[in-house]
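Heads up: the structure comes next, in structure tokens.
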Amino acid sequence: MVFTYYGHSCFCVSVGGKNILFDPFITPNELAKDIDIDAIKADYIFLSHGHFDHMTDTALIAQKTGAKVIASWELYNWCLEIGISNSQPLNPGGKWEFEFGTVHCVLAQHSSSLPDGRYAGTACGFVLVTKEGSFYYSGDTALSIDMKLISRYGALNFGVFPVGGALTMEPEDVIELASWLNIQQVVGVHYDTFGFIRIDHECTLQKFKAANVNLILLPVGACMLMTQEGTNKSQEQLTGESSS
């Protein structure tokens, strides 16, 4: 499976011939100014919660690509309100079988509201189980003992977790979560976009290294091949192979 990072908590996983986009927040993000949003491919868009920095570009991308939007009941109804009829509700505790694999919706400990202040349902994360590997995207969340239950869904090849702190888990909590779930690879998201979630990259990387967890901080726009063996290849390696 190929992982592409679009900045903040927005990323795409290409698996089973489908492009699965998470939490689209690109056009207002200065760190993603070089991303051509019109070139983004998406068959599905998953929303973890209703905050603006996780859904601003949902309508734009959904209308351009025809992607189906998957979100909590309240966000599903918001989609219908703004004219996104190709959408489907999925709340924590639920799962759904898609062409690319199974998605389990899990609880996230976080607030959730629409930009106009309306309640946007329960914040959530997603566990994707596919033939090409499995991963857990926690969404914005605090560390919770309930996360130990994620192990019921089987071995995870990597986790996608916020590392910026302040509004979400601190790096030390992410390391603890990785230990609980026996995850050796973590792709960091939700950092540097705003002043209060800027991180010292070298210091943060060293914390994970000391705990024997490989933290991956991808440049915005970079992609990486994630394999079931836990290895990965950089954007440069992928580009080189595709041109050979």
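Just remember, in the structure tokens the first chain shown is A, the second B, etc., residues are 1-based per chain, and ligands are 1-based in the order shown.
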
Tell me, as a PyMOL selection string, which residues lie within 9 Å of region 53-61 of chain A, counting only C-alpha atoms; anything in the same chain fewer than 6 positions away does not count. chain A and resi 8-10+22-29+37-38+40-42+45+47+67+69+79+82-84

Which residues, written as a PyMOL selection string, have at least one atom at most 12 Å from Gly154 (chain A), with only C-alpha atoms counted and residues fewer than 5 positions away on the same chain left out? chain A and resi 102+104+127-130+133-136+148-149+181-183

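Remark: for Ser48 (chain A), the closest of the candidate residues A:Pro115, A:Gly125, A:Pro219, A:Gly94 is A:Gly125 (distances computed over only C-alpha atoms).
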
Could you give me, as number ranges by chain, each residue of region 66-147 of chain A that DSSP assigns to strand (DSSP E or B) when run on this structure's backbone? A: 68-71, 87-89, 95-98, 101-107, 113, 119, 124-130, 133-137

Name all residues at most 12 Å from Cys203 (chain A) (count only C-alpha atoms; drop same-chain ones fewer than 6 positions away) and give them as a PyMOL selection string. chain A and resi 171-172+209-210+215

Compare A:Ala108, A:Ile175, A:Ala120, A:Ile35 by their minimum atom-to-atom distance to Tyr5 (chain A), counting only C-alpha atoms, and give me the closest one. A:Ile35

Shortest contact to Ile145 (chain A), candidates A:Ala39, A:Val103, A:Glu81, A:Asp173, atoms counted only C-alpha atoms, goes to A:Asp173

List the neighbours of Pro89 (chain A) out to 12 Å using only C-alpha atoms; skip same-chain residues closer than 2 positions along the sequence, and give me the result as a list in words.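 Surrounding residues, per the criterion: Ile45, Phe46, Leu47, Ser48, Lys68, Val69, Ile70, Ala71, Ser72, Trp73, Glu74, Leu75, Tyr76, Asn77, Trp78, Cys79, Leu80, Ser85, Asn86, Ser87, Asn91, Pro92, Gly94, Lys95, Trp96, Cys105 and Gly121 of chain A.
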
Closest to Glu30 (chain A) among A:Val13, A:Met147, A:Ala142, A:Val220, using only C-alpha atoms?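 Nearest to Glu30 (chain A): A:Val220.
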
Calculate how many Å separate CA of Ala166 (chain A) from CA of Asp116 (chain A), rounding to one decimal.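 Those two atoms sit 22.7 Å apart.
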
Contacts of Ile197 (chain A) within 9 Å, only C-alpha atoms, excl. fewer than 5 positions in-chain, as a PyMOL selection string: chain A and resi 163-167+190-192

Residues from last step as file, N, CA and C atoms, as an mmCIF file, in the first residue's frame:
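Full text of out.cif as output:
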```cif
data_model
loop_
_atom_site.group_PDB
_atom_site.id
_atom_site.type_symbol
_atom_site.label_atom_id
_atom_site.label_comp_id
_atom_site.auth_asym_id
_atom_site.auth_seq_id
_atom_site.Cartn_x
_atom_site.Cartn_y
_atom_site.Cartn_z
ATOM 1 N N VAL A 163 1.225 13.776 16.774
ATOM 2 C CA VAL A 163 2.405 13.878 17.637
ATOM 3 C C VAL A 163 2.672 15.313 18.085
ATOM 4 N N GLY A 164 1.773 16.238 17.740
ATOM 5 C CA GLY A 164 1.996 17.636 18.066
ATOM 6 C C GLY A 164 1.645 18.046 19.475
ATOM 7 N N GLY A 165 0.900 17.184 20.193
ATOM 8 C CA GLY A 165 0.529 17.497 21.565
ATOM 9 C C GLY A 165 -0.447 18.660 21.658
ATOM 10 N N ALA A 166 -0.569 19.213 22.847
ATOM 11 C CA ALA A 166 -1.445 20.347 23.169
ATOM 12 C C ALA A 166 -2.922 19.988 23.041
ATOM 13 N N LEU A 167 -3.385 19.637 21.853
ATOM 14 C CA LEU A 167 -4.792 19.291 21.637
ATOM 15 C C LEU A 167 -5.001 17.786 21.509
ATOM 16 N N HIS A 190 -0.584 15.775 12.423
ATOM 17 C CA HIS A 190 -1.102 16.804 13.334
ATOM 18 C C HIS A 190 0.031 17.482 14.121
ATOM 19 N N TYR A 191 0.994 18.011 13.375
ATOM 20 C CA TYR A 191 2.094 18.742 13.996
ATOM 21 C C TYR A 191 2.556 19.855 13.053
ATOM 22 N N ASP A 192 3.126 20.911 13.632
ATOM 23 C CA ASP A 192 3.754 22.034 12.912
ATOM 24 C C ASP A 192 2.783 22.987 12.214
#
```

Looking at A:Glu132, A:Leu114, A:Leu217, A:Ala222, which one is nearest to Asp200 (chain A), with distances taken over only C-alpha atoms?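 The shortest atom-to-atom distance to Asp200 (chain A) comes from A:Leu217.
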
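Distance check against Leu90 (chain A) using only C-alpha atoms: of A:Leu156, A:Leu143, A:Val15, A:Ala123, the minimum falls on A:Ala123.
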